[in-house]
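See below for the structure under consideration.
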Amino acid sequence: MRHVDTQLIHAGRDPSLYGGMVNTPVFRGSTIMADNLDDWEAGRQTDNPMAKYGRFGTPTTRSFEQAITALEGGDHALVFPSGLSACTHSIMAFVEVGDHVLITDSAYGPTRTFAERVLRRMGVEVEFFDPLIGGEIRQLIRSNTRVVFVESPGSWTFEVQDIPAIAEEAHKVGAYVLMDNTWATPLYFKPFEHGVDVSIHAATKYIVGHSDALLGVASANQRAWPILKQGAHDFGQTAGPDDIYLALRGMRSMAVRLRQHWNSGMQLAEHLVTQSLVERVLHPALPSDPGHQLWKRDFLGASGLFTIELKPVGRPAFASFFESLKLFGIGLSWGGYESLALPIDKPPTRVASRKTYQNPLVRIHVGLENIDDLKRDMDRAFKCMALAL
């Protein structure tokens, strides 16, 4: 088995197919013509994208899907136009009227909204569960539970879930375990080794890595693949070749980038623990974090994304903090080379979690800047916030 650094460079590409080109070219097209009737009929019986229609993929598409499959160890993968699309359409592929779906209480907000607005409207029963429930999820699982949707660490609040224990209970009734694996990427959590059936990524984040493309991807094991594939095709899901090409480009450097995101993220998290206005740092790789032991057991690394909970401060002080930051921009998304600080101005929606948050939260993405510069930027912002109290 090749090291993952080597896999990232070679997976999903074959220069001999494209005149020696190192990168799979961008294939733009809708109509794909056959030479004759025999070729047309043969092509419709295969998964060869060149014999079908552009909506089902091109060589650019297949190159990326094959690379993700190799990295995660799944059976096949599919692209989607965004990370949210990958989440929502993966769920939709597996459910029908009368099914019961369990979703972690710490799921990505738009995924939660989709479940509450769309799945319930379609006659699917949605229930949220405590992300720390582990094997006790057996108490919530029913005979009609079709999907258990997990995300570890959790969105905004970074709870680490016991994925193997949850998957074991879900599989007892034939349910499928779907996981948003964006935080850890295919490098730092191997979903299929821990019982996951479908692994989902907002490739927009660390896979693209440059904040210049929107893309989602889902890979599945052999059991789940036919259902995922059919569901995606039924909804006409696809993605543009240019964004896929950018994801392929970004993926080649992902291991190098993630090592710095991880290292700098840990250094900044440890530094922020010492700030007097910080109540706690929510980062599973910190030994003090409640999820640290599970993270250490199941994960191979950490990314640069975590949250800090501040002590109670008023809006003027909160605003002063952000106005003082020079290297951390305010913006949605994350995973690019730039550092971000996102104000979470209202408590995350939670209905089943043991822990709730009332103090101001700031989600931090540590980019690829020099860590000492980032520390100084944060220190200045905290000083300004303290003066504004």
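Labels used: A, B, ... for chains in the order of the structure tokens, numbers from 1 for residues in each chain, and numbers from 1 for ligands as shown.
Backbone DSSP assigns strand (DSSP E) in range 240-323 of chain A to Val278, Glu279, Arg280, Val281, Leu282, Leu305, Phe306, Thr307, Ile308, Glu309 and Leu310 of chain A.
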Please produce an output containing N, CA, C and O atoms for each residue in the selection, written as a short mmCIF file (atom, residue, chain, number, x, y, z; two decimals), in the first residue's frame.
data_model
loop_
_atom_site.label_atom_id
_atom_site.label_comp_id
_atom_site.auth_asym_id
_atom_site.auth_seq_id
_atom_site.Cartn_x
_atom_site.Cartn_y
_atom_site.Cartn_z
N VAL A 278 -11.35 34.10 27.01
CA VAL A 278 -11.78 32.84 26.39
C VAL A 278 -12.28 31.89 27.46
O VAL A 278 -11.55 31.54 28.39
N GLU A 279 -13.54 31.48 27.35
CA GLU A 279 -14.11 30.53 28.29
C GLU A 279 -13.58 29.13 28.04
O GLU A 279 -13.21 28.41 28.96
N ARG A 280 -13.55 28.74 26.76
CA ARG A 280 -13.01 27.42 26.39
C ARG A 280 -12.71 27.40 24.89
O ARG A 280 -13.26 28.19 24.12
N VAL A 281 -11.83 26.49 24.52
CA VAL A 281 -11.50 26.27 23.12
C VAL A 281 -12.05 24.90 22.74
O VAL A 281 -11.74 23.90 23.38
N LEU A 282 -12.86 24.87 21.70
CA LEU A 282 -13.50 23.63 21.26
C LEU A 282 -12.69 23.04 20.11
O LEU A 282 -12.89 23.37 18.94
N LEU A 305 -9.62 23.98 11.70
CA LEU A 305 -10.90 24.57 12.04
C LEU A 305 -11.30 24.22 13.46
O LEU A 305 -11.31 23.04 13.83
N PHE A 306 -11.64 25.22 14.26
CA PHE A 306 -12.13 25.01 15.62
C PHE A 306 -12.90 26.25 16.07
O PHE A 306 -12.96 27.25 15.34
N THR A 307 -13.47 26.18 17.24
CA THR A 307 -14.28 27.28 17.77
C THR A 307 -13.77 27.69 19.14
O THR A 307 -13.31 26.85 19.91
N ILE A 308 -13.88 28.98 19.43
CA ILE A 308 -13.64 29.45 20.79
C ILE A 308 -14.94 29.99 21.36
O ILE A 308 -15.73 30.65 20.67
N GLU A 309 -15.20 29.67 22.62
CA GLU A 309 -16.33 30.24 23.36
C GLU A 309 -15.77 31.36 24.23
O GLU A 309 -14.87 31.15 25.04
N LEU A 310 -16.30 32.56 24.03
CA LEU A 310 -15.84 33.70 24.80
C LEU A 310 -16.61 33.79 26.11
O LEU A 310 -17.70 33.24 26.26
#
Note to self: Going by DSSP on the backbone, which residues of range 163-320 of chain A come out as alpha helix (DSSP H)? List them as a VMD selection string.
What the structure shows: chain A and resid 163 to 172 185 to 188 225 to 234 241 to 252 254 to 272 292 to 298 315 to 320
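Among the candidates A:Thr88, A:Ser303, A:Thr238, A:Thr104, the one nearest to Ala269 in chain A when counting only C-alpha atoms is A:Ser303.
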Checklist line | Residues near range 371-382 of chain A, cut-off 8 Å, only C-alpha atoms, skip fewer than 6 positions along chain, as a VMD selection string | finding: chain A and resid 264 267 to 268 271 275 277 320 to 328
Checklist line | Residues within 7 Å of range 163-177 of chain A, only C-alpha atoms, excluding chain neighbours under 3 positions, as a ChimeraX atom specification | finding: /A:134-135,137-138,143,145-149,194-198
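Using only C-alpha atoms for every distance, the candidate list A:Arg121, A:His210, A:Arg249, A:Lys383 yields A:Arg249 as the residue closest to Thr24 in chain A.
For the set A:Leu248, A:Asp99, A:Pro347, A:Ala285, the residue with the smallest atom-to-atom gap to Gln66 in chain A is A:Leu248, counting only C-alpha atoms.
Minimum atom-to-atom distances from A:Val217, A:Asp162, A:Val366, A:Lys190 to Gln293 in chain A were compared using only C-alpha atoms, and the lowest value belongs to A:Asp162.
Nearest to Gly331 in chain A of all the residues A:Ala319, A:His261, A:Leu246, A:Val362 is A:Val362, based on only C-alpha atoms.
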Notebook entry, point to check: Which residues come within 9 Å of Phe64 in chain A, counting only C-alpha atoms, excluding same-chain residues fewer than 6 positions away, as a PyMOL selection string?
Noted result: chain A and resi 11-13+77-79+244-245+247-248
For the residues in that selection, give me N, CA and C atoms as a PDB file, in the first residue's frame.
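Printed below is part-v6.pdb as written:
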ATOM      1  N   ALA A  11      -3.203   9.276  -7.783  1.00  0.00           N
ATOM      2  CA  ALA A  11      -4.565   8.740  -7.886  1.00  0.00           C
ATOM      3  C   ALA A  11      -5.384   9.502  -8.916  1.00  0.00           C
ATOM      4  N   GLY A  12      -6.116   8.749  -9.727  1.00  0.00           N
ATOM      5  CA  GLY A  12      -7.065   9.350 -10.648  1.00  0.00           C
ATOM      6  C   GLY A  12      -6.457  10.021 -11.864  1.00  0.00           C
ATOM      7  N   ARG A  13      -5.212   9.735 -12.186  1.00  0.00           N
ATOM      8  CA  ARG A  13      -4.649  10.329 -13.399  1.00  0.00           C
ATOM      9  C   ARG A  13      -3.794   9.307 -14.144  1.00  0.00           C
ATOM     10  N   ALA A  77     -17.377   6.789  -6.249  1.00  0.00           N
ATOM     11  CA  ALA A  77     -17.698   8.128  -5.763  1.00  0.00           C
ATOM     12  C   ALA A  77     -18.455   8.896  -6.833  1.00  0.00           C
ATOM     13  N   LEU A  78     -19.166   9.949  -6.405  1.00  0.00           N
ATOM     14  CA  LEU A  78     -19.932  10.801  -7.305  1.00  0.00           C
ATOM     15  C   LEU A  78     -19.707  12.257  -6.943  1.00  0.00           C
ATOM     16  N   VAL A  79     -19.649  13.123  -7.950  1.00  0.00           N
ATOM     17  CA  VAL A  79     -19.532  14.547  -7.692  1.00  0.00           C
ATOM     18  C   VAL A  79     -20.914  15.193  -7.616  1.00  0.00           C
ATOM     19  N   ILE A 244     -14.289  20.866 -11.067  1.00  0.00           N
ATOM     20  CA  ILE A 244     -13.675  19.560 -10.801  1.00  0.00           C
ATOM     21  C   ILE A 244     -12.176  19.617 -11.055  1.00  0.00           C
ATOM     22  N   TYR A 245     -11.786  20.306 -12.119  1.00  0.00           N
ATOM     23  CA  TYR A 245     -10.360  20.442 -12.419  1.00  0.00           C
ATOM     24  C   TYR A 245      -9.634  21.169 -11.284  1.00  0.00           C
ATOM     25  N   ALA A 247     -10.526  21.154  -8.200  1.00  0.00           N
ATOM     26  CA  ALA A 247     -10.448  20.216  -7.067  1.00  0.00           C
ATOM     27  C   ALA A 247      -9.298  19.232  -7.259  1.00  0.00           C
ATOM     28  N   LEU A 248      -9.133  18.744  -8.475  1.00  0.00           N
ATOM     29  CA  LEU A 248      -8.005  17.851  -8.759  1.00  0.00           C
ATOM     30  C   LEU A 248      -6.667  18.550  -8.512  1.00  0.00           C
TER      31      LEU A 248
END
Notebook entry, point to check: Hey, what's within 10 Å of Tyr357 in chain A if we count only C-alpha atoms and toss same-chain stuff fewer than 2 positions away? As an MDAnalysis selection string, please?
Noted result: chainID A and resid 157 309 346:350 355 359:361
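For the atom pair formed by CA of Ser288 in chain A and CA of Asn263 in chain A, the distance is 17.1 Å, given to one decimal.
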